[in-house]
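> My questions will all concern the structure given below.
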Amino acid sequence: MNIKPSCSIVLPCYDPQQHWVSRVVEQYYALSAKLGIPVSVILVNDGSTRGISQQDIATLEEKIPSFQLVENHANRGKGYTLRKGVSIATTSVIIYTDIDFPYASDSIADIYTALQDPDIDIAIGVKDEQYYARVPLARRYISKVLRLLTAILFSLPVTDTQCGLKGFKAEAKDVFLSTSINRYLFDLEFIRNAHKQRFRIKAIPVRLNDNVVFSSMNYKLLISEAMNFLKLVVRRK
């Protein structure tokens with residue numbers, strides 16, 4: 001049975017910055033126009049303590065016909081949060097990115113377009129040197145070290161596993177839902193699992209928006225994620 005072309009955008013949300021609602025609405029209409037297909041927006045509130053009001057949700061429900069809200073009662077992490085959003089998606093293509101839409105709408109459209117190829121199951125956004133020139137030094141260093149370790153320790157078709165823009169066909173949904181890491185490294189786990197199961201993965205260069213503001217690094221989180229990385233290394237066979 002043929003699935004009608006359609007797309008879900010899954011957005012994890014935790015204590016968002018000001019004006020996030022207008023940003024989501026703006027990007028929804030930009031993507032709907034670019035793709036020319038039905039676009040659903042699934043917002044997963046990851047236990048936010050500020051920044052989300054009932055009026056915000058009412059505005060999104062009014063402006064976006066296919067808007068859905070999922071709530072975590074406590075902060076669980078991006079991986080856990082995205083799994084909850086992906087689990088209710090029913091479209092032929094599922095794309096996830098961050099609540100502030102850091103990547104240009106053209107880049108999101110490129111992910112969707114790549115997934116129209118019958119020989120591509122998963123489209124992975126990858127960062128270029130222009131991206132690294134704009135990020136803080138510590139974040140740049142951590143990202144490049146992780147890429148190097150991924151290249152050395154895992155036989156994957158891409159080394160940039162942590163870009164915050166990815167998409168996949170409905171057929172790969174169960175692979176994403178099979179991940180278990182709740183925070184930073186769920187992306188690496190997803191790509192590793194998909195590659196092991198022979199899903200076809202394509203790297204797609206992406207571009208940042210001009211007004212992106214990077215958050216500070218959580219070094220306690222990095223320590224816990226180092227343990228998750230070691231677990232993936234041990235299980236890579």
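Please note that chains go A, B, ... in the order of the structure tokens, that every chain numbers its residues from 1, and that ligands are numbered from 1 in the order shown.
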Using backbone DSSP assignments, extract all strand (DSSP E or B) residues from region 30-105 of chain A; output them as a PyMOL selection string.
chain A and resi 39-46+67-72+93-96+103
> Find the spatial neighbours of Lys34 (chain A), counting only C-alpha atoms, within a cut-off of 12 Å - ignore same-chain residues fewer than 3 positions away - and output them as a PyMOL selection string.
chain A and resi 27-31+37-39+104-110+112-113
> What is the distance, in Å and to one decimal place, between CA of Phe101 (chain A) and CA of Thr150 (chain A)?
25.8 Å
> Excluding Gly164 (chain A) and residues on its chain fewer than 5 positions from it, collect all residues at most 9 Å away from it, counting only C-alpha atoms, and give them as an NGL selection string.
:A and (96-98 or 102-103 or 125-126 or 187)
> Give me a file of those residues, with all heavy atoms, as a compact mmCIF listing (two decimals), in the first residue's frame.

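The resulting file, result20.txt, is shown below:
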# COMPACT_ATOMS: atom_id res chain seq x y z
N TYR A 96 13.47 15.39 12.76
CA TYR A 96 13.56 16.08 14.05
C TYR A 96 14.67 17.11 14.04
O TYR A 96 15.68 16.97 13.38
CB TYR A 96 13.73 15.08 15.20
CG TYR A 96 14.99 14.26 15.24
CD1 TYR A 96 16.17 14.76 15.81
CD2 TYR A 96 15.00 12.95 14.77
CE1 TYR A 96 17.32 13.98 15.88
CE2 TYR A 96 16.13 12.17 14.85
CZ TYR A 96 17.30 12.69 15.41
OH TYR A 96 18.43 11.91 15.47
N THR A 97 14.40 18.19 14.77
CA THR A 97 15.37 19.27 14.93
C THR A 97 15.10 19.93 16.27
O THR A 97 14.27 19.45 17.06
CB THR A 97 15.32 20.25 13.76
OG1 THR A 97 16.43 21.17 13.83
CG2 THR A 97 14.02 21.03 13.74
N ASP A 98 15.77 21.04 16.55
CA ASP A 98 15.63 21.70 17.85
C ASP A 98 14.53 22.76 17.81
O ASP A 98 14.16 23.26 16.74
CB ASP A 98 16.96 22.33 18.26
CG ASP A 98 18.05 21.27 18.44
OD1 ASP A 98 17.77 20.25 19.09
OD2 ASP A 98 19.16 21.46 17.91
N PRO A 102 17.59 25.85 14.48
CA PRO A 102 18.90 26.45 14.19
C PRO A 102 19.34 26.31 12.74
O PRO A 102 20.20 27.05 12.28
CB PRO A 102 19.86 25.70 15.13
CG PRO A 102 19.17 24.37 15.36
CD PRO A 102 17.71 24.68 15.37
N TYR A 103 18.75 25.37 12.02
CA TYR A 103 19.16 25.13 10.64
C TYR A 103 18.18 25.77 9.67
O TYR A 103 16.98 25.84 9.92
CB TYR A 103 19.28 23.62 10.38
CG TYR A 103 20.32 22.99 11.27
CD1 TYR A 103 19.96 22.37 12.47
CD2 TYR A 103 21.67 23.06 10.96
CE1 TYR A 103 20.91 21.83 13.31
CE2 TYR A 103 22.63 22.53 11.80
CZ TYR A 103 22.25 21.91 12.97
OH TYR A 103 23.20 21.40 13.81
N GLY A 125 21.92 15.13 8.74
CA GLY A 125 22.55 16.42 8.55
C GLY A 125 23.99 16.38 9.02
O GLY A 125 24.29 15.81 10.07
N VAL A 126 24.89 16.97 8.25
CA VAL A 126 26.30 17.03 8.64
C VAL A 126 26.77 18.49 8.58
O VAL A 126 26.40 19.25 7.69
CB VAL A 126 27.20 16.13 7.76
CG1 VAL A 126 26.87 14.67 7.98
CG2 VAL A 126 27.07 16.49 6.28
N ASP A 187 21.80 9.94 19.21
CA ASP A 187 22.00 10.01 17.76
C ASP A 187 22.99 8.95 17.28
O ASP A 187 22.77 8.28 16.28
CB ASP A 187 22.54 11.39 17.38
CG ASP A 187 21.49 12.48 17.41
OD1 ASP A 187 20.50 12.37 16.67
OD2 ASP A 187 21.66 13.44 18.17
> Env of region 10-23 of chain A: 7 Å cut, atoms = only C-alpha atoms, seq-sep filter 5 positions within chain, self excluded. Answer as a PDB file with C-alpha atoms, in the first residue's frame.

ATOM      1  CA  VAL A  41       4.307  19.430  14.133  1.00  0.00           C
ATOM      2  CA  ILE A  42       4.809  17.283  17.230  1.00  0.00           C
ATOM      3  CA  LEU A  43       6.062  19.251  20.234  1.00  0.00           C
ATOM      4  CA  VAL A  44       7.359  17.300  23.224  1.00  0.00           C
ATOM      5  CA  ASN A  45       7.648  19.353  26.399  1.00  0.00           C
ATOM      6  CA  ASP A  46      10.491  17.761  28.382  1.00  0.00           C
ATOM      7  CA  GLY A  47       9.420  18.852  31.847  1.00  0.00           C
ATOM      8  CA  SER A  48       9.969  22.572  31.280  1.00  0.00           C
ATOM      9  CA  THR A  49       9.862  24.779  34.366  1.00  0.00           C
ATOM     10  CA  ARG A  50       9.523  28.041  32.438  1.00  0.00           C
ATOM     11  CA  GLY A  51       8.880  29.432  28.975  1.00  0.00           C
ATOM     12  CA  ASP A  56       1.594  29.390  23.882  1.00  0.00           C
ATOM     13  CA  LYS A  78      16.515  14.756  24.352  1.00  0.00           C
ATOM     14  CA  THR A  81      11.825  13.059  24.535  1.00  0.00           C
ATOM     15  CA  LEU A  82      12.280  12.475  20.812  1.00  0.00           C
ATOM     16  CA  GLY A  85       7.379  12.296  19.798  1.00  0.00           C
ATOM     17  CA  VAL A  86       8.447   9.864  17.091  1.00  0.00           C
ATOM     18  CA  ILE A  95      12.283  14.785  10.744  1.00  0.00           C
ATOM     19  CA  TYR A  96      13.559  16.075  14.052  1.00  0.00           C
ATOM     20  CA  THR A  97      15.371  19.266  14.929  1.00  0.00           C
ATOM     21  CA  ASP A  98      15.631  21.700  17.847  1.00  0.00           C
ATOM     22  CA  ILE A  99      12.896  24.020  19.087  1.00  0.00           C
ATOM     23  CA  ASP A 100      14.778  27.148  17.931  1.00  0.00           C
TER      24      ASP A 100
END
> Between A:Lys202, A:His195, A:Arg139, A:Lys84, single out the one closest to Gln68 (chain A), counting only C-alpha atoms.
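Checking each of A:Lys202, A:His195, A:Arg139, A:Lys84 against Gln68 (chain A), counting only C-alpha atoms, the winner is A:Lys84.
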> To one decimal place, how far is CA of Ala114 (chain A) from CA of Ser155 (chain A) in Å?
22.3 Å
> Record the distance separating CA of Leu188 (chain A) and CA of Ile120 (chain A), expressed in Å with one decimal.
18.3 Å
> Can you list, as a count of residues only, every residue of region 4-101 of chain A that DSSP puts in alpha helix (DSSP H)?
36
